[in-house]
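See structure below.
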Amino acid sequence: MTLPAGRDGLPLVVGVLNVTPDSFSDGGRWSDPEAALAHGRALVADGADVVDVGGESTRPGAERPPLAEELRRVLPVVEALAADGVVVSVDTMRAEVAAAAVEAGAALVNDVSGGLADADMLPAVAASGAAYVAMHWRAHSDRMQDFASYDAPGGVVAEVSAALGERLEAAVAAGVPAERVVLDPGLGFAKTAEHNWALLAGLDDVAALGRPLLVGASRKAFLGRLLAGADGTPRPVGEREAAHTALVALLALRGVWGLRVHDVRATRDALAVVGRLAAEQTGAAGSGDDRRPPGPGATTGPGEGSTT
Ligand code: HH2
């Protein structure tokens with residue numbers, strides 16, 4: 001499977017579908033398979049290019065579900081969405097879940113552990129033919145914040161880049177073609193808010209590994225902290241979207257490959273603005289197609305940054 005691409009030169013929009021009782025922002029809302037399927041279809045109607053189906057919450061402190069429970073949560077939803085023709089990704093750290101989901105129609109395996117949680121994951125992905133998202137990760141969610149320190153020279157950006165480079169090498173050594181691998185800095189996973197901002201500022205260094213980047217910032221705590229009230233209380237999870245939408249636009253200008261988001265509609269709106277302005281700057285506007293990608297010679301535009 002070659003990597004899917006976003007529309008009109010803009011980043012791919014990956015809609016989050018958490019079939020879990022305990023996810024940090026939408027736990028329990030889509031845990032019934034029927035509700036999950038309806039939400040997946042709504043994400044597509046809103047403009048998701050890919051739906052990322054997950055059966056395990058990775059919020060700080062989360063406990064892992066048993067394998068059978070994770071399979072029970074994700075497989076029917078993956079199968080039904082794939083049968084609709086939706087490009088489905090499975091958000092899992094388990095090789096058995098990844099293999100079964102690809103069998104059921106998933107095209108991508110989104111592994112927040114980058115192959116570290118399950119020794120069988122990379123060979124399973126290689127055998128499946130799926131594309132692979134390798135995220136930066138240090139430990140399971142019950143103790144990951146114990147590992148949020150980056151003391152090597154170059155700090156968090158250098159350490160995360162080096163670790164992702166190792167995961168890419170491990171994936172290739174296991175038989176996953178490099179062209180099928182996407183890298184993700186893993187915002188919030190064994191990272192403080194300061195680490196997340198440093199990584200966002202330093203994305204070009206991560207992109208220098210030569211693979212497309214996926215970024216998942218949606219609703220995360222570092223945005224809540226940024227928007228904290230005068231008394232220091234973080235902005236609640238449901239009131240972070242405007243900040244996230246601003247970030248989405250900036251990341252599109254940086255040329256990221258994909259954005260993992262809960263609010264697909266707001267993300268598409270932001271990308272429409274980025275695409276329209278880029279078209280104006282390159283003279284592609286006024287042709288009847290307002291969403292044309294920027295052509296050669298654009299001074300600013302999506303897909304142009306070095307973080308592609
Ligand atoms: N973040 C979450 C889950 N999966 N996958 C990738 N590649 N990148 C991310 O940043 C990422 C991810 C956490 O968000 P969410 O799925 O909404 O929450 P939970 O883990 O509580 O279900």
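All residue names refer to the structure tokens as shown: chains lettered A, B, ... in order, residues numbered from 1 in each chain, ligands numbered from 1 in order.
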If we count only C-alpha atoms and set the cut-off at 8 Å, which residues sit around region 133-139 of chain A, ignoring sequence neighbours fewer than 5 positions away in its own chain? Please answer as a list in words.
Leu108, Val109, Asn110, Asp111, Val112, Ser113, Gly114, Gly115, Leu116, Met144, Phe147, Val160, Ala163, Leu164, Arg167, Leu168, Val181, Val182, Leu183, Asp184, Pro185, Gly186, Phe189, Ala190 and Leu214 of chain A
Would you pick out the contacts of region 68-84 of chain A at 7 Å or less, using only C-alpha atoms, so that residues sharing its chain but fewer than 4 positions from it are not included, and give the list as a ChimeraX atom specification?
/A:19,33,36-37,53-56,88,97,101,104-106
Kindly save the residues from that selection, with N, CA, C and O atoms included, as a short mmCIF file (atom, residue, chain, number, x, y, z; two decimals), in the first residue's frame.
```cif
data_model
loop_
_atom_site.label_atom_id
_atom_site.label_comp_id
_atom_site.auth_asym_id
_atom_site.auth_seq_id
_atom_site.Cartn_x
_atom_site.Cartn_y
_atom_site.Cartn_z
N VAL A 19 -12.90 4.09 19.96
CA VAL A 19 -13.94 3.14 20.39
C VAL A 19 -13.54 2.66 21.79
O VAL A 19 -13.18 1.50 22.00
N PRO A 33 -20.46 -0.12 19.05
CA PRO A 33 -20.03 -0.22 17.64
C PRO A 33 -20.93 0.57 16.68
O PRO A 33 -20.43 1.19 15.73
N ALA A 36 -20.07 4.15 17.03
CA ALA A 36 -18.72 4.36 16.47
C ALA A 36 -18.79 4.44 14.95
O ALA A 36 -18.17 5.33 14.33
N LEU A 37 -19.55 3.54 14.36
CA LEU A 37 -19.66 3.53 12.90
C LEU A 37 -20.30 4.83 12.41
O LEU A 37 -19.84 5.45 11.45
N VAL A 53 -9.08 4.35 13.75
CA VAL A 53 -9.91 3.64 14.72
C VAL A 53 -9.04 3.06 15.84
O VAL A 53 -8.12 2.28 15.56
N GLY A 54 -9.32 3.46 17.07
CA GLY A 54 -8.52 2.98 18.20
C GLY A 54 -9.37 2.36 19.28
O GLY A 54 -10.47 2.84 19.57
N GLY A 55 -8.86 1.30 19.90
CA GLY A 55 -9.59 0.62 20.97
C GLY A 55 -8.86 0.67 22.29
O GLY A 55 -9.23 -0.02 23.24
N GLU A 56 -7.80 1.49 22.37
CA GLU A 56 -7.06 1.64 23.63
C GLU A 56 -6.76 3.10 23.86
O GLU A 56 -6.15 3.75 23.01
N VAL A 88 -9.00 3.44 6.13
CA VAL A 88 -9.02 3.25 7.59
C VAL A 88 -7.60 3.01 8.10
O VAL A 88 -6.81 2.30 7.47
N VAL A 97 -3.69 -7.13 16.78
CA VAL A 97 -4.77 -6.20 16.41
C VAL A 97 -4.46 -5.59 15.04
O VAL A 97 -5.34 -5.49 14.17
N ALA A 101 -6.80 -6.12 11.84
CA ALA A 101 -7.44 -4.92 11.28
C ALA A 101 -7.10 -4.77 9.80
O ALA A 101 -7.96 -4.39 9.00
N ALA A 104 -9.14 -7.00 7.96
CA ALA A 104 -10.53 -6.48 7.89
C ALA A 104 -10.65 -5.25 6.99
O ALA A 104 -11.74 -4.71 6.83
N GLY A 105 -9.52 -4.77 6.46
CA GLY A 105 -9.60 -3.68 5.49
C GLY A 105 -8.82 -2.42 5.82
O GLY A 105 -8.84 -1.47 5.04
N ALA A 106 -8.14 -2.38 6.97
CA ALA A 106 -7.35 -1.18 7.30
C ALA A 106 -6.15 -1.06 6.36
O ALA A 106 -5.53 -2.06 5.99
#
```
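Going from CA of Asp91 (chain A) over to CA of Val273 (chain A), you cover 29.1 Å.
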Excluding Glu159 (chain A) and its own-chain neighbours fewer than 5 positions away, which residues fall within 12 Å of it when counting only C-alpha atoms? Please give them as number ranges by chain.
A: 136-138, 148-154, 164-166, 185, 191, 195, 198-199, 202, 205-206
